[in-house]
Structures are given as structure tokens and as C-alpha cells.
>>> print(open('model.cif').read())   # mmCIF, C-alpha atoms
data_structure
loop_
_atom_site.label_atom_id
_atom_site.label_comp_id
_atom_site.auth_asym_id
_atom_site.auth_seq_id
_atom_site.Cartn_x
_atom_site.Cartn_y
_atom_site.Cartn_z
CA MET A 1 -45.74 30.72 34.87
CA ALA A 2 -42.08 30.27 35.51
CA ALA A 3 -40.41 28.04 32.98
CA ILE A 4 -39.31 24.71 34.35
CA LYS A 5 -35.62 24.14 33.90
CA ALA A 6 -34.92 21.62 31.13
CA LYS A 7 -32.82 19.62 33.54
CA HIS A 8 -35.72 19.26 35.99
CA GLN A 9 -38.10 18.39 33.21
CA ARG A 10 -35.83 15.57 32.12
CA LEU A 11 -35.51 14.40 35.73
CA VAL A 12 -39.28 14.29 36.24
CA LEU A 13 -39.76 12.50 32.94
CA LEU A 14 -37.17 9.93 33.85
CA VAL A 15 -38.61 9.34 37.31
CA VAL A 16 -42.07 8.81 35.80
CA ALA A 17 -40.64 6.44 33.20
CA LEU A 18 -38.72 4.55 35.89
CA VAL A 19 -41.82 4.11 38.06
CA VAL A 20 -43.78 2.79 35.07
CA VAL A 21 -41.05 0.36 33.99
CA LEU A 22 -40.48 -0.82 37.57
CA SER A 23 -44.16 -1.51 38.20
CA ALA A 24 -44.44 -3.28 34.85
CA GLY A 25 -41.51 -5.49 35.78
CA ILE A 26 -42.83 -6.28 39.23
CA LEU A 27 -46.32 -7.02 37.87
CA ALA A 28 -44.81 -9.36 35.27
CA ALA A 29 -42.74 -11.11 37.92
CA TRP A 30 -45.83 -11.41 40.10
CA ALA A 31 -47.85 -12.90 37.25
CA LEU A 32 -45.07 -15.44 36.73
CA LYS A 33 -45.17 -16.39 40.39
CA SER A 34 -46.54 -19.90 39.92
CA GLN A 35 -45.25 -20.52 36.39
CA ALA A 36 -41.65 -19.61 37.10
CA SER A 37 -41.25 -21.96 40.05
CA TYR A 38 -38.78 -24.74 39.44
CA PHE A 39 -40.67 -27.44 41.35
CA TYR A 40 -43.85 -28.32 43.20
CA VAL A 41 -43.75 -28.72 46.98
CA PRO A 42 -45.42 -31.80 48.53
CA SER A 43 -48.55 -29.81 49.52
CA ASP A 44 -49.07 -28.84 45.83
CA ILE A 45 -48.70 -32.49 44.77
CA VAL A 46 -51.09 -33.74 47.45
CA ALA A 47 -53.67 -31.02 46.74
CA VAL A 48 -53.66 -31.51 42.95
CA PRO A 49 -51.99 -34.83 42.09
CA PRO A 50 -50.38 -34.65 38.63
CA VAL A 51 -51.44 -37.23 36.03
CA ALA A 52 -49.19 -40.27 35.86
CA THR A 53 -48.04 -39.51 32.30
CA ARG A 54 -46.72 -36.03 33.09
CA THR A 55 -43.16 -35.48 34.25
CA VAL A 56 -43.02 -33.04 37.14
CA ARG A 57 -40.46 -31.87 39.67
CA LEU A 58 -41.03 -32.37 43.36
CA GLY A 59 -38.96 -30.40 45.85
CA GLY A 60 -38.71 -30.45 49.61
CA MET A 61 -36.81 -31.82 52.56
CA VAL A 62 -35.73 -35.44 52.82
CA GLU A 63 -37.35 -36.52 56.09
CA LYS A 64 -34.93 -37.68 58.76
CA GLY A 65 -34.98 -41.47 59.22
CA SER A 66 -36.97 -42.09 56.04
CA LEU A 67 -34.10 -43.02 53.72
CA LYS A 68 -33.94 -46.78 53.04
CA THR A 69 -31.95 -48.77 50.51
CA ALA A 70 -33.70 -51.73 48.87
CA PRO A 71 -32.00 -55.19 48.88
CA ASP A 72 -30.86 -54.65 45.27
CA GLY A 73 -28.51 -51.95 46.54
CA VAL A 74 -29.39 -49.24 43.99
CA THR A 75 -33.07 -48.51 44.64
CA ILE A 76 -33.73 -46.09 47.45
CA HIS A 77 -36.94 -45.02 49.15
CA PHE A 78 -37.41 -41.82 51.09
CA VAL A 79 -40.06 -39.30 52.07
CA VAL A 80 -40.08 -35.68 50.91
CA GLY A 81 -41.92 -33.27 53.18
CA ASP A 82 -42.57 -29.55 53.43
CA GLY A 83 -43.97 -29.48 56.98
CA LYS A 84 -47.55 -29.77 55.73
CA ALA A 85 -47.59 -32.78 53.42
CA ARG A 86 -45.39 -35.81 52.72
CA VAL A 87 -44.73 -37.73 49.52
CA ALA A 88 -42.97 -41.09 49.29
CA VAL A 89 -40.29 -41.24 46.59
CA GLU A 90 -38.56 -44.13 44.86
CA PHE A 91 -35.32 -43.69 42.93
CA ALA A 92 -32.79 -46.03 41.36
CA GLY A 93 -29.41 -44.62 40.43
CA ILE A 94 -26.51 -42.53 41.63
CA VAL A 95 -27.44 -39.80 44.08
CA PRO A 96 -25.61 -36.43 44.20
CA SER A 97 -23.12 -36.14 47.04
CA LEU A 98 -25.17 -33.50 48.84
CA PHE A 99 -28.20 -35.79 49.02
CA VAL A 100 -28.64 -36.56 52.75
CA GLU A 101 -31.50 -36.82 55.22
CA GLY A 102 -32.69 -33.49 56.54
CA SER A 103 -31.49 -31.67 53.44
CA GLY A 104 -33.28 -30.29 50.38
CA VAL A 105 -33.90 -32.33 47.25
CA VAL A 106 -35.53 -31.83 43.85
CA ALA A 107 -36.80 -35.05 42.24
CA GLU A 108 -37.81 -35.23 38.57
CA GLY A 109 -40.27 -37.97 37.69
CA ARG A 110 -43.88 -39.11 37.63
CA MET A 111 -46.51 -39.74 40.24
CA ARG A 112 -47.49 -43.41 40.21
CA PRO A 113 -51.14 -44.40 40.70
CA ASP A 114 -50.21 -46.00 44.04
CA GLY A 115 -49.17 -42.59 45.37
CA VAL A 116 -45.41 -43.14 45.21
CA PHE A 117 -43.35 -40.60 43.25
CA ASN A 118 -41.12 -42.41 40.79
CA ALA A 119 -38.01 -40.26 40.30
CA ASP A 120 -35.80 -40.52 37.22
CA ASN A 121 -33.37 -37.92 38.41
CA LEU A 122 -32.38 -36.40 41.75
CA LEU A 123 -30.89 -32.94 42.33
CA ALA A 124 -29.59 -31.96 45.74
CA LYS A 125 -30.56 -28.55 47.03
CA HIS A 126 -28.06 -26.77 49.23
CA ASP A 127 -29.36 -24.51 51.97
CA GLU A 128 -28.03 -21.02 52.72
CA ASN A 129 -25.82 -22.19 55.60
CA TYR A 130 -22.09 -22.54 55.21
CA VAL A 131 -20.51 -24.32 58.19
CA PRO A 132 -16.95 -25.66 58.49
CA ARG A 133 -16.74 -29.43 58.74
CA GLU A 134 -15.04 -29.32 62.15
CA MET A 135 -17.88 -27.33 63.69
CA GLN A 136 -20.89 -29.32 62.52
CA GLN A 137 -21.10 -31.45 65.68
CA MET A 138 -20.65 -28.53 68.06
CA THR A 139 -23.34 -26.46 69.64
CA LYS A 140 -23.40 -22.74 68.87
CA ASP A 141 -21.65 -21.85 72.14
CA GLN A 142 -18.90 -24.40 71.60
CA ALA A 143 -18.34 -23.14 68.08
CA LYS A 144 -18.16 -19.56 69.33
CA LYS A 145 -15.52 -20.59 71.87
CA VAL A 146 -13.42 -22.32 69.20
CA VAL A 147 -13.66 -19.29 66.95
CA ALA A 148 -12.67 -17.00 69.85
CA GLU A 149 -9.68 -19.20 70.67
CA THR A 150 -8.35 -19.25 67.14
CA GLN A 151 -8.62 -15.51 66.64
CA MET B 1 -19.46 15.51 40.47
CA HIS B 2 -19.35 18.47 38.16
CA GLY B 3 -15.79 19.17 39.29
CA LEU B 4 -14.82 16.12 37.24
CA ALA B 5 -16.92 17.15 34.24
CA ASN B 6 -13.78 18.58 32.73
CA PRO B 7 -12.09 15.60 31.00
CA ALA B 8 -8.63 17.07 31.54
CA ARG B 9 -9.24 17.26 35.30
CA PHE B 10 -10.70 13.75 35.29
CA LEU B 11 -7.66 12.42 33.43
CA ARG B 12 -5.28 13.98 35.95
CA PHE B 13 -7.28 12.34 38.73
CA ALA B 14 -7.59 8.96 36.95
CA ARG B 15 -3.88 8.81 36.13
CA TRP B 16 -2.94 7.94 39.70
CA LEU B 17 -6.23 6.36 40.79
CA THR B 18 -6.18 3.67 38.06
CA PRO B 19 -2.91 1.95 39.06
CA LEU B 20 -3.81 2.39 42.73
CA CYS B 21 -7.14 0.56 42.31
CA LEU B 22 -5.64 -2.15 40.12
CA GLY B 23 -2.57 -2.72 42.32
CA LEU B 24 -4.46 -2.75 45.60
CA GLY B 25 -7.26 -4.85 44.09
CA LEU B 26 -4.85 -7.47 42.73
CA ALA B 27 -3.05 -7.68 46.08
CA VAL B 28 -6.25 -8.03 48.15
CA THR B 29 -7.84 -10.49 45.69
CA THR B 30 -4.71 -12.67 45.50
CA GLY B 31 -4.50 -12.77 49.29
CA ALA B 32 -8.20 -13.54 49.76
CA LEU B 33 -8.29 -16.23 47.06
CA ALA B 34 -5.05 -17.83 48.32
CA TYR B 35 -6.50 -17.98 51.83
CA GLY B 36 -9.79 -19.29 50.47
CA LEU B 37 -7.99 -22.01 48.54
CA LEU B 38 -5.49 -23.07 51.21
CA GLY B 39 -6.51 -21.72 54.59
CA ALA B 40 -10.29 -21.83 54.77
CA PRO B 41 -11.88 -24.98 56.20
CA ALA B 42 -13.93 -27.50 54.21
CA ASP B 43 -17.72 -27.20 54.38
CA ARG B 44 -19.86 -29.60 56.39
CA LEU B 45 -21.75 -30.85 53.31
CA MET B 46 -19.93 -29.56 50.24
CA GLY B 47 -16.42 -30.35 51.42
CA GLU B 48 -13.61 -28.77 49.43
CA THR B 49 -15.84 -27.48 46.63
CA VAL B 50 -16.96 -24.65 48.95
CA ARG B 51 -13.78 -22.78 47.94
CA ILE B 52 -15.36 -21.75 44.64
CA LEU B 53 -17.57 -19.47 46.79
CA PHE B 54 -14.79 -16.87 46.97
CA LEU B 55 -14.82 -16.46 43.19
CA HIS B 56 -18.47 -17.17 42.37
CA VAL B 57 -20.16 -14.80 44.83
CA PRO B 58 -18.00 -11.67 44.24
CA ALA B 59 -18.40 -12.25 40.48
CA ALA B 60 -22.19 -12.39 40.88
CA TRP B 61 -22.23 -9.21 42.96
CA LEU B 62 -20.04 -7.35 40.48
CA GLY B 63 -22.04 -8.60 37.51
CA MET B 64 -25.08 -6.90 39.05
CA ALA B 65 -23.10 -3.89 40.35
CA GLY B 66 -21.77 -3.42 36.80
CA TRP B 67 -25.30 -3.04 35.44
CA MET B 68 -26.22 -0.65 38.26
CA THR B 69 -23.16 1.41 37.26
CA ILE B 70 -24.44 1.50 33.67
CA ALA B 71 -27.95 2.46 34.86
CA GLY B 72 -26.68 5.15 37.26
CA ALA B 73 -24.35 6.64 34.65
CA SER B 74 -27.16 6.54 32.07
CA VAL B 75 -29.49 8.51 34.37
CA THR B 76 -26.69 11.05 34.91
CA GLU B 77 -26.15 11.23 31.16
CA LEU B 78 -29.82 11.78 30.32
CA VAL B 79 -30.73 14.18 33.12
CA TRP B 80 -27.60 16.18 33.86
CA ARG B 81 -25.85 15.72 30.48
CA HIS B 82 -22.64 14.97 32.32
CA PRO B 83 -19.99 14.59 29.60
CA LEU B 84 -18.25 11.67 31.28
CA ALA B 85 -21.37 9.69 32.19
CA ALA B 86 -21.82 8.03 28.79
CA ILE B 87 -18.13 7.13 28.78
CA ALA B 88 -18.39 5.64 32.28
CA ALA B 89 -21.42 3.57 31.27
CA ARG B 90 -19.64 2.25 28.18
CA ALA B 91 -16.51 1.51 30.20
CA ALA B 92 -18.43 -0.54 32.79
CA ALA B 93 -20.15 -2.82 30.25
CA VAL B 94 -17.31 -5.17 29.31
CA PRO B 95 -15.97 -5.80 32.85
CA GLY B 96 -19.57 -6.26 34.04
CA ALA B 97 -20.19 -8.84 31.32
CA VAL B 98 -16.93 -10.62 32.16
CA PHE B 99 -17.88 -10.90 35.85
CA THR B 100 -21.36 -12.15 34.91
CA ALA B 101 -19.77 -14.79 32.68
CA ILE B 102 -17.37 -15.80 35.47
CA CYS B 103 -20.35 -16.14 37.80
CA LEU B 104 -22.24 -18.37 35.35
CA VAL B 105 -19.23 -20.57 34.55
CA THR B 106 -18.10 -21.05 38.17
CA GLY B 107 -21.70 -21.64 39.21
CA SER B 108 -22.06 -24.35 36.59
CA ILE B 109 -18.81 -26.01 37.68
CA TRP B 110 -19.97 -25.79 41.29
CA GLY B 111 -23.42 -27.16 40.49
CA ARG B 112 -22.17 -30.43 39.00
CA PRO B 113 -20.62 -31.91 42.17
CA THR B 114 -23.07 -30.35 44.65
CA TRP B 115 -26.52 -30.31 43.02
CA GLY B 116 -25.77 -33.03 40.50
CA THR B 117 -26.28 -30.92 37.38
CA TRP B 118 -24.40 -28.39 35.26
CA TRP B 119 -27.44 -26.26 34.55
CA VAL B 120 -31.13 -25.95 35.36
CA TRP B 121 -33.64 -23.39 34.13
CA ASP B 122 -34.63 -22.10 37.55
CA GLY B 123 -35.33 -18.45 38.34
CA ARG B 124 -31.86 -17.49 39.56
CA LEU B 125 -29.83 -19.15 36.83
CA THR B 126 -32.13 -17.98 34.05
CA SER B 127 -32.27 -14.34 35.21
CA MET B 128 -28.46 -14.28 35.52
CA LEU B 129 -28.13 -15.61 31.96
CA VAL B 130 -30.54 -12.88 30.84
CA LEU B 131 -28.20 -10.34 32.48
CA LEU B 132 -25.31 -11.63 30.35
CA PHE B 133 -27.44 -11.24 27.19
CA LEU B 134 -28.45 -7.74 28.29
CA TYR B 135 -24.74 -6.89 28.55
CA PHE B 136 -24.17 -8.17 25.00
CA GLY B 137 -27.06 -6.04 23.79
CA TYR B 138 -25.80 -2.97 25.60
CA ILE B 139 -22.24 -3.39 24.29
CA ALA B 140 -23.53 -3.73 20.72
CA LEU B 141 -25.85 -0.72 21.05
CA SER B 142 -23.29 1.62 22.58
CA ASP B 143 -20.71 0.51 20.01
CA VAL B 144 -23.03 1.36 17.14
CA ALA B 145 -23.82 4.74 18.70
CA ARG B 146 -20.12 5.53 18.96
CA ARG B 147 -19.22 4.42 15.45
CA ASP B 148 -22.11 6.10 13.70
CA GLY B 149 -21.68 9.26 15.71
CA GLY B 150 -25.06 9.00 17.44
CA ASN B 151 -25.62 10.49 20.85
CA GLY B 152 -25.94 7.14 22.60
CA ARG B 153 -29.34 7.98 24.03
CA VAL B 154 -30.81 4.66 22.92
CA ALA B 155 -28.05 2.80 24.77
CA ALA B 156 -28.69 4.91 27.88
CA ILE B 157 -32.41 4.13 27.85
CA PHE B 158 -31.60 0.44 27.34
CA GLY B 159 -29.24 0.62 30.31
CA ILE B 160 -31.93 2.09 32.55
CA VAL B 161 -34.73 -0.27 31.44
CA GLY B 162 -32.41 -3.28 31.72
CA ALA B 163 -31.84 -2.46 35.40
CA ILE B 164 -35.24 -4.02 36.15
CA ASN B 165 -33.50 -7.40 35.86
CA VAL B 166 -31.21 -6.72 38.82
CA PRO B 167 -33.91 -6.81 41.56
CA ILE B 168 -35.43 -9.81 39.76
CA ILE B 169 -32.11 -11.67 40.03
CA ASN B 170 -31.88 -10.68 43.67
CA ARG B 171 -35.44 -11.79 44.54
CA SER B 172 -35.66 -14.80 42.18
CA VAL B 173 -34.79 -17.28 44.93
CA VAL B 174 -37.38 -15.75 47.29
CA TRP B 175 -40.29 -15.34 44.86
CA TRP B 176 -39.97 -18.70 43.13
CA ASN B 177 -39.05 -22.21 44.19
CA SER B 178 -35.58 -22.67 42.79
CA LEU B 179 -32.70 -25.09 42.92
CA HIS B 180 -30.39 -22.25 43.91
CA GLN B 181 -30.50 -21.64 47.65
CA PRO B 182 -32.00 -18.46 49.18
CA PRO B 183 -29.65 -15.57 50.05
CA SER B 184 -27.10 -16.30 52.78
CA ILE B 185 -26.42 -12.67 53.59
CA THR B 186 -29.44 -10.53 54.38
CA MET B 187 -29.67 -7.16 56.10
CA GLY B 188 -26.79 -7.47 58.54
CA LYS B 189 -27.30 -11.21 59.10
CA SER B 190 -25.23 -13.99 57.64
CA ALA B 191 -25.77 -17.73 57.46
CA ILE B 192 -22.15 -18.06 56.36
CA ASP B 193 -19.72 -19.01 59.10
CA ALA B 194 -17.06 -16.40 59.92
CA ALA B 195 -14.37 -18.78 58.60
CA PHE B 196 -15.87 -18.32 55.10
CA LEU B 197 -17.40 -14.87 55.48
CA TRP B 198 -14.21 -12.84 56.06
CA PRO B 199 -12.25 -14.18 53.08
CA LEU B 200 -15.43 -13.77 51.01
CA LEU B 201 -15.76 -10.09 51.97
CA ALA B 202 -12.02 -9.54 51.35
CA ALA B 203 -12.33 -11.13 47.89
CA ALA B 204 -15.38 -8.97 47.17
CA ILE B 205 -13.45 -5.80 48.10
CA GLY B 206 -10.47 -6.91 46.00
CA PHE B 207 -12.60 -7.68 42.94
CA THR B 208 -14.48 -4.39 43.35
CA LEU B 209 -11.16 -2.49 43.29
CA ILE B 210 -10.10 -4.38 40.16
CA PHE B 211 -13.48 -3.55 38.59
CA ALA B 212 -13.06 0.15 39.44
CA GLY B 213 -9.50 0.13 38.08
CA VAL B 214 -10.59 -1.50 34.81
CA VAL B 215 -13.47 1.00 34.40
CA LEU B 216 -11.09 3.94 34.96
CA ALA B 217 -8.52 2.48 32.54
CA ARG B 218 -11.20 1.98 29.89
CA MET B 219 -12.54 5.52 30.42
CA ARG B 220 -9.02 6.86 29.85
CA ALA B 221 -8.70 4.74 26.72
CA ILE B 222 -12.05 5.95 25.34
CA LEU B 223 -11.08 9.60 26.00
CA ALA B 224 -7.67 9.09 24.41
CA ASP B 225 -9.34 7.45 21.41
CA ALA B 226 -11.69 10.41 20.95
CA GLN B 227 -8.76 12.83 21.25
CA ALA B 228 -6.70 10.97 18.67
CA GLU B 229 -9.65 10.87 16.28
CA ALA B 230 -10.26 14.60 16.65
CA ARG B 231 -6.60 15.32 16.03
CA LEU B 232 -6.54 13.14 12.90
CA ARG B 233 -9.63 14.88 11.57
CA ARG B 234 -8.08 18.29 12.12
CA LYS B 235 -4.90 17.16 10.39
CA ALA B 236 -6.83 15.80 7.42
CA MET B 237 -8.66 19.09 7.07
CA VAL B 238 -5.46 21.11 7.05
CA SER B 239 -3.70 18.91 4.47
CA ASP B 240 -6.65 18.70 2.09
CA PRO B 241 -8.78 21.86 2.32
CA PHE B 242 -10.94 20.87 -0.67
CA GLU B 243 -12.12 17.67 0.97
CA ALA B 244 -13.50 19.68 3.83
CA LEU B 245 -15.46 21.82 1.34
CA ALA B 246 -16.76 18.92 -0.68
#
>>> encode(input="model.cif", output="C-alpha cells")
Amino acid sequence: MAAIKAKHQRLVLLVVALVVVLSAGILAAWALKSQASYFYVPSDIVAVPPVATRTVRLGGMVEKGSLKTAPDGVTIHFVVGDGKARVAVEFAGIVPSLFVEGSGVVAEGRMRPDGVFNADNLLAKHDENYVPREMQQMTKDQAKKVVAETQ
Amino acid sequence: MHGLANPARFLRFARWLTPLCLGLGLAVTTGALAYGLLGAPADRLMGETVRILFLHVPAAWLGMAGWMTIAGASVTELVWRHPLAAIAARAAAVPGAVFTAICLVTGSIWGRPTWGTWWVWDGRLTSMLVLLFLYFGYIALSDVARRDGGNGRVAAIFGIVGAINVPIINRSVVWWNSLHQPPSITMGKSAIDAAFLWPLLAAAIGFTLIFAGVVLARMRAILADAQAEARLRRKAMVSDPFEALA
């Protein structure tokens, strides 16, 4: 049998070790799948409602047209949806500047027995889109034209 | 690759490449950041705070690229016993850690006005913090190996195993619900408007050149250090022959 070059032996060993470590990492990440999530989506909350004493995070989109300010001026009501389920949320306090209808939100709080989510804290979630302020009202074609003109 | 295995040849090559990378990198970065700060438009939702993008995102990329440099160099060190690989890995650790720290700090500053919080323990933020701690561990390990005259193999293995965190950082926003948004740039597609994308790419190129320049400069310093040490040892042996025998 021809002797395997030491260099190749090391290479094979390393590749084997890499495959093992990589699969271990991916398996661990997979096992963490539900535990490592930062919030529950409305369908999770509706399927298994959390007990009223437990603080949970609810994340989803603020439904368009659902945001209402109560007469006291600080309490707001809105609906968080994920396309499958909807949860009504109540919050009193200062909202982050990115909190708008049609945008993502993460609410920390408790589920009340009447089915309304009582939030103590709101975090705004930004989406992956970055659009200049001047172009937000334009259609895609208009925006393209403006970009073409300025270049 | 093996053409540069000779440190003397590498040093000749690095002598002009180092200032070139640093000079060009500083020029491109300054231009890109100045445009990002003054010329780029405000974002639809985030307003003026979007400008931190041009620092935060290249720093994040280079923080991860720095660890991939360590991992790649460590593989080269273990398999091919390339004499410069261990030095390259050690040289990439500190700038990689600095970029990771810049990413975390700018991200925190950005998070306060946009998300409404300085920090959350979501998948992306946590895995990036883990990367910074991995850098600290690697720097400590490779330092010990150098001082105690070890062969640095433990540091190399740590560098390779630690690389598992890089795809986890990358996928964290896809696998898990997180406060951090999903990737804006994926496989040739971008959800970032051209008005932000071009200065971002220019800043990324500039920072990458600075990173390369710093790694080369540090490699030269490590080589010079080793040379000086060897010379001192030789000198000590000549002046005190009995100490060498003891």
C-alpha cells in the first residue's frame, strides 16, 4: 500500500472534523429553533394562549387602519396580525418613532383574560427595505425615472 | 501561495502593498462616509439615522470576514504548514475584533431611536456578541502560544471551530423571529435603494482595504518582532557562552 502523504492525511482529518463540527452546530441551531425566537407571532398566541401571569413578547405587523388613540391621549389600541391570526393590543406610553401602521412591532406584556394583549413596552421592527424619503410616494416606474434623471 | 512562504519575499511584497491598501482604503472610506453623511437622502421611516448604515454594515461584514480569515489561515497552517498562515491568523484577530465592536456599538446607538431600545437578546445581536467574545478568546489563546513558545495549534483549532458562529450570525434573522430585520442584500438582489446601496458598497470596499492594510502591517510587525528576538538571543549566547551551556 502506498503511503498517504502526511499533508493529505491532515487534510482528510480536517475535512472530517469540519463536517462533524458543522453538523453539530446546525443540529444545535435547529434544536434551538423555537427556544431562540425573540417573540411569538399572533398565530402562536391564538393557538396556545399564554397564561395571564406570564410576560411574553408578541410580534407582527400593525394592521392598517387599526391604530386608535383613546380619549386620554396616551392609551393606544391596535391590532397585530401575521396574515393568519390577529391579536388586539393595548398600550399606554411613548411609542418608538418607527411605530406606524403597516410596519412591524414587538410588544412585551401579558395576555388579558378578555383576549386583549396588554403591552408594557413597544419595540418597532424595521423591515429590510431602505427607501429615500422623497421616493416613498412614487410608484416604482416613477422612482426609476427620477433615479435615471439624476444620474 | 507557496511563492510567499519565504518571509523575506513576503516582506518585500508587503512593504509597498501595506501603504497602498491603507492609503487607498482611507481615501475611499472617507469619500463614502462623507457622501453618506452629507449627500445621501434621508430614509422614509428612519429619517437621518439611516446614515449610520454606512458604518454599521461594513463593520458587521468585516467582523465576520475577519473570523473567516482566521479560519482560512488556520486550515492552511494545520494542513499545509504554511509558515505565514499562523502569523496571518494572529494579525487578523485584533482588527476583526475592533470591527465587531464597532458593529455592536453603532447597532446599539442605531437601535435606540429606531427600535426603541439599546439592546435586546435576539438571535442576531446575541450571536454577534458571541463573535466578539470568540475574538477575545482567540487573541488570548494565540498570545499565550506565542509567549510560551507553543506551536499555536490550539489557537488554530479554536479558530476553525469558532467559524461555526459565522453562518449562525448570517442565518439568525431567518431561522428565528428577531427584532433585527432580515437580510437586505441576498444573492444579487437588494432591498436597499440605489441612493444608499452605492455609498454602502463603496464604504465596504474602503473598510476592506483598511482591514487588509492593518493585517499586512501587523504581519510585518510580528515578523520583525520574531527577528529582533532571534537576534537578541544570538547576541546573548555570544556574550555569555556559559549561560548557553547551563
>>> resolve_selection(input="model.cif", expression="the PyMOL selection byres ((chain B) within 7 of (chain A))", output="list in words")
Pro41, Ala42, Asp43, Arg44, Leu45, Met46, Val79, Trp80, Pro113, Thr114, Trp115, Gly116, Asp122, Gly123, Val161, Ile164, Trp175, Trp176, Asn177, Ser178, Leu179, Gln181, Pro182, Pro183, Ser184, Ala191, Ile192 and Asp193 of chain B
>>> resolve_selection(input="model.cif", expression="the PyMOL selection byres ((chain A and resi 112) around 12)", output="PyMOL selection string")
chain A and resi 45+49-56+87-90+109-111+113-119
>>> resolve_selection(input="model.cif", expression="the PyMOL selection byres ((chain B and resi 52) around 9)", output="short mmCIF file (atom, residue, chain, number, x, y, z; two decimals) with C-alpha atoms, keeping the file's coordinate frame")
data_model
loop_
_atom_site.label_atom_id
_atom_site.label_comp_id
_atom_site.auth_asym_id
_atom_site.auth_seq_id
_atom_site.Cartn_x
_atom_site.Cartn_y
_atom_site.Cartn_z
CA GLY B 36 -9.79 -19.29 50.47
CA LEU B 37 -7.99 -22.01 48.54
CA GLU B 48 -13.61 -28.77 49.43
CA THR B 49 -15.84 -27.48 46.63
CA VAL B 50 -16.96 -24.65 48.95
CA ARG B 51 -13.78 -22.78 47.94
CA LEU B 53 -17.57 -19.47 46.79
CA PHE B 54 -14.79 -16.87 46.97
CA LEU B 55 -14.82 -16.46 43.19
CA HIS B 56 -18.47 -17.17 42.37
CA VAL B 57 -20.16 -14.80 44.83
CA THR B 106 -18.10 -21.05 38.17
CA GLY B 107 -21.70 -21.64 39.21
CA ILE B 109 -18.81 -26.01 37.68
CA TRP B 110 -19.97 -25.79 41.29
#
>>> atom_distance(input="model.cif", atom1="CA of Val214 (chain B)", atom2="CA of Ala65 (chain B)")
13.9 Å
>>> atom_distance(input="model.cif", atom1="CA of Ala40 (chain B)", atom2="CA of Ile102 (chain B)")
21.4 Å
>>> closest_residue(input="model.cif", among="A:Val16, A:Ala85, A:Val79, A:Ala107", to="Arg57 (chain A)", atoms="all atoms listed in the file")
A:Ala107
>>> closest_residue(input="model.cif", among="B:Leu209, B:Ile157, B:Ala14, B:Leu200", to="Ile70 (chain B)", atoms="all atoms listed in the file")
B:Ile157
>>> atom_distance(input="model.cif", atom1="CA of Thr75 (chain A)", atom2="CA of Phe91 (chain A)")
5.6 Å
>>> residues_around(input="model.cif", residues="Ser142 (chain B)", least_positions_apart="4", cutoff="9 Å", atoms="all atoms listed in the file", output="list in words")
Arg90, Gly137, Tyr138, Arg146, Arg147, Gly152, Arg153, Val154, Ala155 and Ala156 of chain B
>>> write_last_selection(input="model.cif", atoms="C-alpha atoms", output="CSV table (one decimal), in the coordinates of the input")
chain,number,residue,atom,x,y,z
B,90,ARG,CA,-19.6,2.2,28.2
B,137,GLY,CA,-27.1,-6.0,23.8
B,138,TYR,CA,-25.8,-3.0,25.6
B,146,ARG,CA,-20.1,5.5,19.0
B,147,ARG,CA,-19.2,4.4,15.4
B,152,GLY,CA,-25.9,7.1,22.6
B,153,ARG,CA,-29.3,8.0,24.0
B,154,VAL,CA,-30.8,4.7,22.9
B,155,ALA,CA,-28.0,2.8,24.8
B,156,ALA,CA,-28.7,4.9,27.9
>>> decode(input="model.cif", residues="region 165-180 of chain B", atoms="N, CA and C atoms", output="PDB file, in the first residue's frame")
ATOM      1  N   ASN B 165     -19.869  29.906  14.139  1.00  0.00           N
ATOM      2  CA  ASN B 165     -20.722  31.026  14.542  1.00  0.00           C
ATOM      3  C   ASN B 165     -21.057  31.952  13.370  1.00  0.00           C
ATOM      4  N   VAL B 166     -20.194  31.977  12.351  1.00  0.00           N
ATOM      5  CA  VAL B 166     -20.408  32.936  11.263  1.00  0.00           C
ATOM      6  C   VAL B 166     -21.693  32.629  10.475  1.00  0.00           C
ATOM      7  N   PRO B 167     -21.907  31.371  10.005  1.00  0.00           N
ATOM      8  CA  PRO B 167     -23.205  31.098   9.358  1.00  0.00           C
ATOM      9  C   PRO B 167     -24.395  31.259  10.310  1.00  0.00           C
ATOM     10  N   ILE B 168     -24.170  31.047  11.608  1.00  0.00           N
ATOM     11  CA  ILE B 168     -25.283  31.239  12.556  1.00  0.00           C
ATOM     12  C   ILE B 168     -25.656  32.722  12.623  1.00  0.00           C
ATOM     13  N   ILE B 169     -24.647  33.598  12.644  1.00  0.00           N
ATOM     14  CA  ILE B 169     -24.943  35.044  12.619  1.00  0.00           C
ATOM     15  C   ILE B 169     -25.714  35.376  11.357  1.00  0.00           C
ATOM     16  N   ASN B 170     -25.210  34.855  10.237  1.00  0.00           N
ATOM     17  CA  ASN B 170     -25.824  35.159   8.946  1.00  0.00           C
ATOM     18  C   ASN B 170     -27.276  34.700   8.877  1.00  0.00           C
ATOM     19  N   ARG B 171     -27.579  33.515   9.395  1.00  0.00           N
ATOM     20  CA  ARG B 171     -28.917  32.927   9.282  1.00  0.00           C
ATOM     21  C   ARG B 171     -29.835  33.263  10.451  1.00  0.00           C
ATOM     22  N   SER B 172     -29.269  33.886  11.520  1.00  0.00           N
ATOM     23  CA  SER B 172     -30.047  34.076  12.749  1.00  0.00           C
ATOM     24  C   SER B 172     -31.374  34.781  12.498  1.00  0.00           C
ATOM     25  N   VAL B 173     -31.382  35.735  11.562  1.00  0.00           N
ATOM     26  CA  VAL B 173     -32.611  36.504  11.340  1.00  0.00           C
ATOM     27  C   VAL B 173     -33.594  35.742  10.455  1.00  0.00           C
ATOM     28  N   VAL B 174     -33.134  34.633   9.853  1.00  0.00           N
ATOM     29  CA  VAL B 174     -34.026  33.829   9.008  1.00  0.00           C
ATOM     30  C   VAL B 174     -34.597  32.666   9.816  1.00  0.00           C
ATOM     31  N   TRP B 175     -33.743  32.036  10.636  1.00  0.00           N
ATOM     32  CA  TRP B 175     -34.162  30.879  11.415  1.00  0.00           C
ATOM     33  C   TRP B 175     -35.104  31.257  12.550  1.00  0.00           C
ATOM     34  N   TRP B 176     -34.798  32.389  13.202  1.00  0.00           N
ATOM     35  CA  TRP B 176     -35.538  32.753  14.408  1.00  0.00           C
ATOM     36  C   TRP B 176     -36.224  34.097  14.220  1.00  0.00           C
ATOM     37  N   ASN B 177     -37.394  34.242  14.861  1.00  0.00           N
ATOM     38  CA  ASN B 177     -38.010  35.563  14.941  1.00  0.00           C
ATOM     39  C   ASN B 177     -37.051  36.460  15.682  1.00  0.00           C
ATOM     40  N   SER B 178     -36.761  37.623  15.116  1.00  0.00           N
ATOM     41  CA  SER B 178     -35.825  38.505  15.801  1.00  0.00           C
ATOM     42  C   SER B 178     -36.261  39.945  15.613  1.00  0.00           C
ATOM     43  N   LEU B 179     -35.730  40.809  16.472  1.00  0.00           N
ATOM     44  CA  LEU B 179     -36.049  42.229  16.319  1.00  0.00           C
ATOM     45  C   LEU B 179     -35.268  42.799  15.135  1.00  0.00           C
ATOM     46  N   HIS B 180     -34.080  42.280  14.925  1.00  0.00           N
ATOM     47  CA  HIS B 180     -33.282  42.725  13.777  1.00  0.00           C
ATOM     48  C   HIS B 180     -33.954  42.261  12.489  1.00  0.00           C
TER      49      HIS B 180
END
